[in-house]
Structures are given as structure tokens and as C-alpha cells.
>>> print(open('data04.csv').read())   # CSV, C-alpha atoms
chain,number,residue,atom,x,y,z
A,28,GLN,CA,0.0,0.0,0.0
A,29,SER,CA,1.1,3.6,-0.7
A,30,CYS,CA,1.7,6.3,1.8
A,31,ALA,CA,-1.6,7.9,0.6
A,32,PHE,CA,-3.3,5.2,2.7
A,33,LYS,CA,-0.9,5.4,5.6
A,34,ALA,CA,-0.3,9.1,5.9
A,35,LEU,CA,0.4,9.3,9.6
A,36,PRO,CA,2.6,6.2,9.8
A,37,CYS,CA,4.6,7.3,6.8
A,38,ALA,CA,5.1,10.8,8.1
A,39,ALA,CA,6.2,9.3,11.4
A,40,SER,CA,8.7,7.1,9.6
A,41,ARG,CA,10.1,10.0,7.6
A,42,GLY,CA,10.4,12.0,10.8
A,43,ALA,CA,12.2,9.2,12.6
A,44,ALA,CA,14.5,8.8,9.6
A,45,THR,CA,15.3,12.5,9.5
A,46,ARG,CA,16.1,12.5,13.2
A,47,GLU,CA,18.3,9.5,12.9
A,48,ARG,CA,20.2,11.1,9.9
A,49,ASP,CA,20.6,14.3,11.8
A,50,SER,CA,21.9,12.5,14.9
A,51,MET,CA,24.4,10.5,12.7
A,52,GLY,CA,25.6,13.7,11.1
A,53,GLN,CA,26.1,15.4,14.5
A,54,SER,CA,27.9,12.3,15.8
A,55,PHE,CA,30.2,12.4,12.8
A,56,THR,CA,30.9,16.1,13.2
A,57,SER,CA,31.7,15.6,16.9
A,58,LEU,CA,34.1,12.7,16.0
A,59,LYS,CA,35.9,14.9,13.5
A,60,THR,CA,36.2,17.7,16.1
A,61,MET,CA,37.5,15.4,18.7
A,62,MET,CA,40.0,13.8,16.4
A,63,ALA,CA,41.2,17.3,15.3
A,64,TYR,CA,41.5,18.7,18.8
A,65,SER,CA,45.1,19.1,19.9
A,66,GLN,CA,45.9,19.4,23.6
A,67,ALA,CA,49.6,19.5,22.7
A,68,GLY,CA,48.9,22.4,20.2
A,69,ASN,CA,47.0,24.3,22.9
A,70,ARG,CA,49.9,23.9,25.3
A,71,LYS,CA,52.3,25.1,22.7
A,72,ALA,CA,50.1,28.2,22.1
A,73,ALA,CA,49.9,29.0,25.9
A,74,VAL,CA,49.5,32.6,26.8
A,75,GLY,CA,52.0,34.0,29.3
A,76,SER,CA,51.0,36.2,32.2
A,77,THR,CA,52.6,37.9,35.2
A,78,LEU,CA,50.2,36.1,37.5
A,79,GLY,CA,52.2,33.6,39.7
A,80,LEU,CA,51.5,30.7,42.0
A,81,GLY,CA,53.7,28.3,43.9
A,82,GLY,CA,57.2,28.4,42.7
A,83,THR,CA,56.2,29.8,39.3
A,84,SER,CA,56.3,33.6,38.9
A,85,ALA,CA,54.8,33.8,35.4
A,86,LEU,CA,52.0,31.3,34.7
A,87,ARG,CA,51.4,30.3,31.1
A,88,TRP,CA,47.7,29.5,30.4
A,89,TYR,CA,46.4,27.1,27.7
A,90,ARG,CA,42.9,26.4,26.8
A,91,LEU,CA,41.1,23.1,27.3
A,92,ASP,CA,37.5,23.1,25.9
A,93,ASP,CA,34.8,20.5,25.2
A,94,GLY,CA,36.3,20.1,21.8
A,95,VAL,CA,38.4,17.3,23.5
A,96,MET,CA,35.1,15.3,23.6
A,97,GLY,CA,33.7,16.6,20.3
A,98,GLY,CA,32.0,19.8,21.5
A,99,ARG,CA,32.1,23.2,19.8
A,100,SER,CA,32.9,25.7,22.6
A,101,ALA,CA,35.9,27.9,22.1
A,102,THR,CA,38.1,29.9,24.5
A,103,ARG,CA,39.8,33.2,23.4
A,104,HIS,CA,42.1,34.1,26.3
A,105,THR,CA,44.7,36.9,26.6
A,106,ALA,CA,46.8,38.4,29.3
A,107,ASP,CA,48.0,41.9,29.9
A,108,ASP,CA,49.0,44.0,32.9
A,109,ALA,CA,48.8,41.1,35.3
A,110,VAL,CA,45.2,40.3,34.2
A,111,LEU,CA,44.1,37.0,32.6
A,112,HIS,CA,41.1,37.6,30.3
A,113,PHE,CA,39.2,34.3,30.1
A,114,ALA,CA,36.6,34.7,27.4
A,115,GLY,CA,35.0,33.0,24.5
A,116,THR,CA,31.9,31.2,23.3
A,117,LEU,CA,30.3,28.3,25.2
A,118,ASP,CA,28.1,26.1,22.9
A,119,THR,CA,25.8,23.7,24.8
A,120,ARG,CA,24.8,21.9,21.6
A,121,GLY,CA,26.9,18.9,22.0
A,122,GLY,CA,29.3,20.2,24.7
A,123,GLY,CA,29.2,22.2,27.8
A,124,PHE,CA,32.5,23.5,29.2
A,125,ALA,CA,35.4,25.9,28.5
A,126,SER,CA,38.5,26.3,30.6
A,127,VAL,CA,42.1,27.6,30.8
A,128,ARG,CA,44.8,25.8,32.8
A,129,ALA,CA,48.4,26.7,33.9
A,130,ASP,CA,51.1,24.4,35.4
A,131,PHE,CA,53.2,25.6,38.3
A,132,ALA,CA,56.1,24.3,40.3
A,133,GLY,CA,56.7,23.9,44.0
A,134,GLY,CA,53.3,22.9,45.1
A,135,LEU,CA,51.2,24.9,47.7
A,136,ALA,CA,52.6,23.4,50.9
A,137,GLY,CA,52.3,25.7,54.0
A,138,SER,CA,49.0,27.2,52.8
A,139,ASP,CA,45.4,26.3,53.5
A,140,ALA,CA,43.5,28.5,51.0
A,141,LEU,CA,43.7,30.1,47.6
A,142,LYS,CA,42.9,33.8,47.3
A,143,VAL,CA,41.4,35.0,44.0
A,144,ARG,CA,40.7,38.5,42.9
A,145,TYR,CA,38.4,38.7,39.8
A,146,ARG,CA,35.7,40.5,37.9
A,147,GLY,CA,33.0,38.6,36.0
A,148,ASP,CA,29.8,38.7,34.0
A,149,GLY,CA,27.2,37.3,36.3
A,150,LYS,CA,28.0,33.6,35.6
A,151,THR,CA,29.2,31.1,38.1
A,152,TYR,CA,32.7,29.8,37.2
A,153,LYS,CA,34.9,27.2,38.9
A,154,VAL,CA,38.5,27.4,40.2
A,155,LEU,CA,40.4,24.2,39.6
A,156,LEU,CA,43.4,22.6,41.3
A,157,SER,CA,45.1,19.3,40.4
A,158,THR,CA,48.3,17.4,40.3
A,159,GLY,CA,48.4,18.0,36.6
A,160,GLN,CA,47.7,14.4,36.0
A,161,ALA,CA,43.9,14.4,36.3
A,162,GLY,CA,42.3,12.0,33.8
A,163,GLY,CA,38.8,10.9,32.9
A,164,PRO,CA,35.9,9.4,34.9
A,165,TRP,CA,38.0,6.4,35.9
A,166,SER,CA,41.1,8.3,36.9
A,167,ALA,CA,42.4,8.1,40.4
A,168,ASN,CA,43.5,11.7,40.2
A,169,PRO,CA,40.6,14.2,40.6
A,170,SER,CA,40.4,17.7,39.5
A,171,TRP,CA,39.6,19.7,42.7
A,172,GLN,CA,36.9,22.3,42.1
A,173,ALA,CA,35.4,25.3,43.9
A,174,ASP,CA,32.6,27.5,42.7
A,175,LEU,CA,33.3,31.2,41.8
A,176,PRO,CA,30.1,33.2,41.6
A,177,THR,CA,30.3,36.6,39.9
A,178,THR,CA,28.2,39.8,39.6
A,179,PRO,CA,28.4,41.7,36.3
A,180,GLY,CA,31.2,44.2,36.3
A,181,GLU,CA,31.9,43.8,40.1
A,182,GLU,CA,35.4,43.2,41.4
A,183,ARG,CA,35.6,40.6,44.2
A,184,THR,CA,38.3,39.0,46.3
A,185,VAL,CA,37.6,35.6,47.8
A,186,SER,CA,39.6,33.1,49.8
A,187,LEU,CA,38.8,29.5,48.9
A,188,PRO,CA,39.8,27.1,51.7
A,189,TYR,CA,41.3,23.9,50.3
A,190,ASN,CA,38.8,21.8,52.4
A,191,SER,CA,36.0,23.5,50.4
A,192,PHE,CA,37.2,22.1,47.1
A,193,THR,CA,35.3,19.0,45.7
A,194,PRO,CA,36.9,16.2,43.6
A,195,SER,CA,35.6,15.8,40.1
A,196,PHE,CA,36.5,13.0,37.7
A,197,GLY,CA,36.5,13.8,33.9
A,198,GLY,CA,33.7,16.3,34.3
A,199,ALA,CA,31.4,13.7,35.8
A,200,PRO,CA,29.2,14.6,38.8
A,201,SER,CA,31.4,14.5,41.9
A,202,ARG,CA,32.0,11.2,43.6
A,203,SER,CA,32.2,10.9,47.4
A,204,THR,CA,35.2,12.6,48.9
A,205,SER,CA,35.9,9.4,50.8
A,206,GLY,CA,39.4,8.2,50.0
A,207,HIS,CA,40.4,11.5,48.4
A,208,LYS,CA,42.2,14.4,50.0
A,209,LEU,CA,43.5,17.6,48.5
A,210,VAL,CA,47.2,17.7,49.5
A,211,PRO,CA,48.5,21.2,48.9
A,212,GLY,CA,52.1,20.2,48.4
A,213,GLU,CA,51.0,17.9,45.5
A,214,MET,CA,49.1,20.5,43.5
A,215,ALA,CA,50.8,21.4,40.2
A,216,GLN,CA,48.1,22.9,38.1
A,217,VAL,CA,45.5,25.7,38.5
A,218,GLY,CA,42.6,26.6,36.2
A,219,VAL,CA,39.3,28.4,35.7
A,220,MET,CA,36.3,26.9,34.0
A,221,LEU,CA,32.7,27.6,32.9
A,222,SER,CA,30.7,24.5,32.9
A,223,LEU,CA,27.2,22.9,32.8
A,224,TYR,CA,27.9,21.7,36.3
A,225,LEU,CA,28.8,23.3,39.6
A,226,SER,CA,31.5,21.8,41.8
A,227,ASP,CA,29.1,19.6,43.6
A,228,GLY,CA,27.9,18.0,40.4
A,229,SER,CA,24.5,19.8,40.3
A,230,SER,CA,23.5,21.7,37.2
A,231,ASN,CA,24.7,25.3,36.8
A,232,PRO,CA,21.3,27.2,36.8
A,233,GLU,CA,20.4,29.1,33.6
A,234,PRO,CA,20.7,32.6,35.2
A,235,THR,CA,24.3,31.9,36.2
A,236,PHE,CA,25.3,29.9,33.2
A,237,GLY,CA,23.3,30.3,30.0
A,238,LYS,CA,20.4,28.8,28.1
A,239,ALA,CA,20.6,25.1,27.2
A,240,GLY,CA,20.5,24.4,23.5
A,241,THR,CA,22.3,27.7,22.6
A,242,ALA,CA,25.7,29.2,22.3
A,243,PHE,CA,26.6,32.3,24.3
A,244,GLU,CA,29.5,34.6,25.2
A,245,PHE,CA,31.3,34.7,28.5
A,246,ARG,CA,34.0,36.8,30.1
A,247,LEU,CA,36.0,36.5,33.4
A,248,GLU,CA,39.0,38.6,34.4
A,249,VAL,CA,41.4,37.1,36.9
A,250,LEU,CA,43.2,40.0,38.5
A,251,GLY,CA,45.2,38.2,41.2
A,252,LEU,CA,46.1,34.8,42.6
A,253,GLU,CA,47.9,34.1,45.9
A,254,VAL,CA,48.0,31.5,48.6
A,255,VAL,CA,46.8,32.1,52.2
A,256,ALA,CA,49.5,30.9,54.6
A,257,LYS,CA,48.5,28.6,57.4
A,258,SER,CA,47.9,30.5,60.6
A,259,GLY,CA,50.0,29.5,63.7
>>> encode(input="data04.csv", output="C-alpha cells")
Amino acid sequence: QSCAFKALPCAASRGAATRERDSMGQSFTSLKTMMAYSQAGNRKAAVGSTLGLGGTSALRWYRLDDGVMGGRSATRHTADDAVLHFAGTLDTRGGGFASVRADFAGGLAGSDALKVRYRGDGKTYKVLLSTGQAGGPWSANPSWQADLPTTPGEERTVSLPYNSFTPSFGGAPSRSTSGHKLVPGEMAQVGVMLSLYLSDGSSNPEPTFGKAGTAFEFRLEVLGLEVVAKSG
């Protein structure tokens, strides 16, 4: 029988076929993006700054976006006059995070908090600390994360105690902190991130992130980084 006698079923079949074709096309595009994404290239193109941490007086920042998993977000970061400008486009259609990272030497022993001076755009970002060897969801080395709320155009300074950082594995919602402890002397990498998720694994709300299914601009200025020495 022709589709003239089965209009609704045929229309439904065409719709399902179109959705499947679109999905396959998106998957292929994501695979191409993931294969072309070069973390080594990003490190080579790191942006120098006069911000320092640990035993490193001039941090060099490289981008790490959701392109590593096939997403389409893009960071455009620069540094001038001791200010790191973390900006770009976050695309939630097939992705959901953008970040910059910098390696440092010497660890953070003798301190119990990280002080950050910054100015943002109203979104909630995250500060990251790690050994520099954080891997995917099955890694034994978490990325330690703390939320960084912002108010549009307002400069703020916050001290983030290390015991307030939550472990995250490959961007997955945080596991229990049981068996994991942030050891300041072992930290070797710092970063800032805008993500679909807050540090506790819950969704970053639309007012402090952006609308799902869209792409949008973001901007955060990091004006200062320093450790807070242990008291006593």
C-alpha cells in the first residue's frame, strides 16, 4: 500500500529517519572535532602572564575546551598588565565547558587556601586545582573544584579554603570525597572553568550559566592569585 493510505505512519517514519540522519551527522561532526582537537597544540600556544603561583612567577595559560570530547565551545584568552582575560563562546549543543589551565612548580605546601581577585559577567565559574595528571571518569587523580560566583562588572576577592574544594573526575558529577584528599604540596596545576555543572555535580542554573541548546559569550577577568598561609 502507498503512503496515501498510511499518511500518519509514513510521516512518522520519515520524521524518525530524519532525526536518525541528523543524529548521525552530529555524531560524525563531533568525532571529526574530537580527532582534530590538539591538547599539545593548545599547550604550545599557551598565553604568558605575570600572575604567579607556587614556585612559578609567570603562569602560562592554555585552553582546554569541550572540543576534546567533540564539543564546539571555544576559548579566546589573553593576558595583559597582570590580568588574565578568560573569554569565548560556550556552545551547549553537544558540549558544555570551556577552561584555561596553567602548570606551576613547587606545590602549595604551607598554605590552606587560595585567594582569587576577579571580575565577571554574572555567571558562576569554577576554580580548579590538580596534580596536573587528572584524567577521565575512571582516573584516580581528581580535579579539585570550587565555585566562583560573579556579579556583572563587580570586582571581588575571595579566599577558597582547600577543604571546600570538591573532587571531580573527567567532568562527571562528583564522587564521594571518601578516600580522596587535596594535598596542597602535591598540587601542580590551576585553572578556571565555565561548565554545565557546579563543583558539587549539580546543574549550573540558567541565570548563572546560559540557556541550554544555545551558544553564548562569556568573560571573566582574573586580577590576582595568591595562597593564604597557614595560621600558627
>>> closest_atom_pairs(input="data04.csv", of="segment 135-215 of chain A", to="segment 68-81 of chain A", cutoff="12 Å", atoms="all atoms listed in the file", output="JSON lines")
{"residue": "A:Leu135", "atom": "CA", "partner": "A:Gly81", "partner_atom": "CA", "distance": 5.7}
{"residue": "A:Ala136", "atom": "CA", "partner": "A:Gly81", "partner_atom": "CA", "distance": 8.6}
{"residue": "A:Gly137", "atom": "CA", "partner": "A:Gly81", "partner_atom": "CA", "distance": 10.5}
{"residue": "A:Ser138", "atom": "CA", "partner": "A:Gly81", "partner_atom": "CA", "distance": 10.1}
{"residue": "A:Leu141", "atom": "CA", "partner": "A:Leu80", "partner_atom": "CA", "distance": 9.6}
{"residue": "A:Lys142", "atom": "CA", "partner": "A:Leu80", "partner_atom": "CA", "distance": 10.6}
{"residue": "A:Val143", "atom": "CA", "partner": "A:Leu78", "partner_atom": "CA", "distance": 11.0}
{"residue": "A:Arg144", "atom": "CA", "partner": "A:Leu78", "partner_atom": "CA", "distance": 11.2}
{"residue": "A:Leu156", "atom": "CA", "partner": "A:Leu80", "partner_atom": "CA", "distance": 11.5}
{"residue": "A:Pro211", "atom": "CA", "partner": "A:Gly81", "partner_atom": "CA", "distance": 10.1}
{"residue": "A:Gly212", "atom": "CA", "partner": "A:Gly81", "partner_atom": "CA", "distance": 9.4}
{"residue": "A:Glu213", "atom": "CA", "partner": "A:Gly81", "partner_atom": "CA", "distance": 10.9}
{"residue": "A:Met214", "atom": "CA", "partner": "A:Gly81", "partner_atom": "CA", "distance": 9.1}
{"residue": "A:Ala215", "atom": "CA", "partner": "A:Gly81", "partner_atom": "CA", "distance": 8.3}
>>> closest_residue(input="data04.csv", among="A:Thr177, A:Thr102, A:Thr241, A:Ser186", to="Lys150 of chain A", atoms="all atoms listed in the file")
A:Thr177
>>> closest_residue(input="data04.csv", among="A:Ala109, A:Ala101, A:Val219, A:Val185", to="Ser84 of chain A", atoms="all atoms listed in the file")
A:Ala109
>>> closest_residue(input="data04.csv", among="A:Gly180, A:Gly122, A:Gly94, A:Gly133", to="Ser222 of chain A", atoms="only C-alpha atoms")
A:Gly122
>>> residues_near_point(input="data04.csv", point="(45.2, 13.8, 39.1)", cutoff="10 Å", atoms="only C-alpha atoms", output="number ranges by chain")
A: 156-163, 166-171, 194-196, 213-216
>>> atom_distance(input="data04.csv", atom1="atom CA of Val127 of chain A", atom2="atom CA of Ala67 of chain A")
13.7 Å
>>> atom_distance(input="data04.csv", atom1="atom CA of Thr105 of chain A", atom2="atom CA of Gly82 of chain A")
22.1 Å
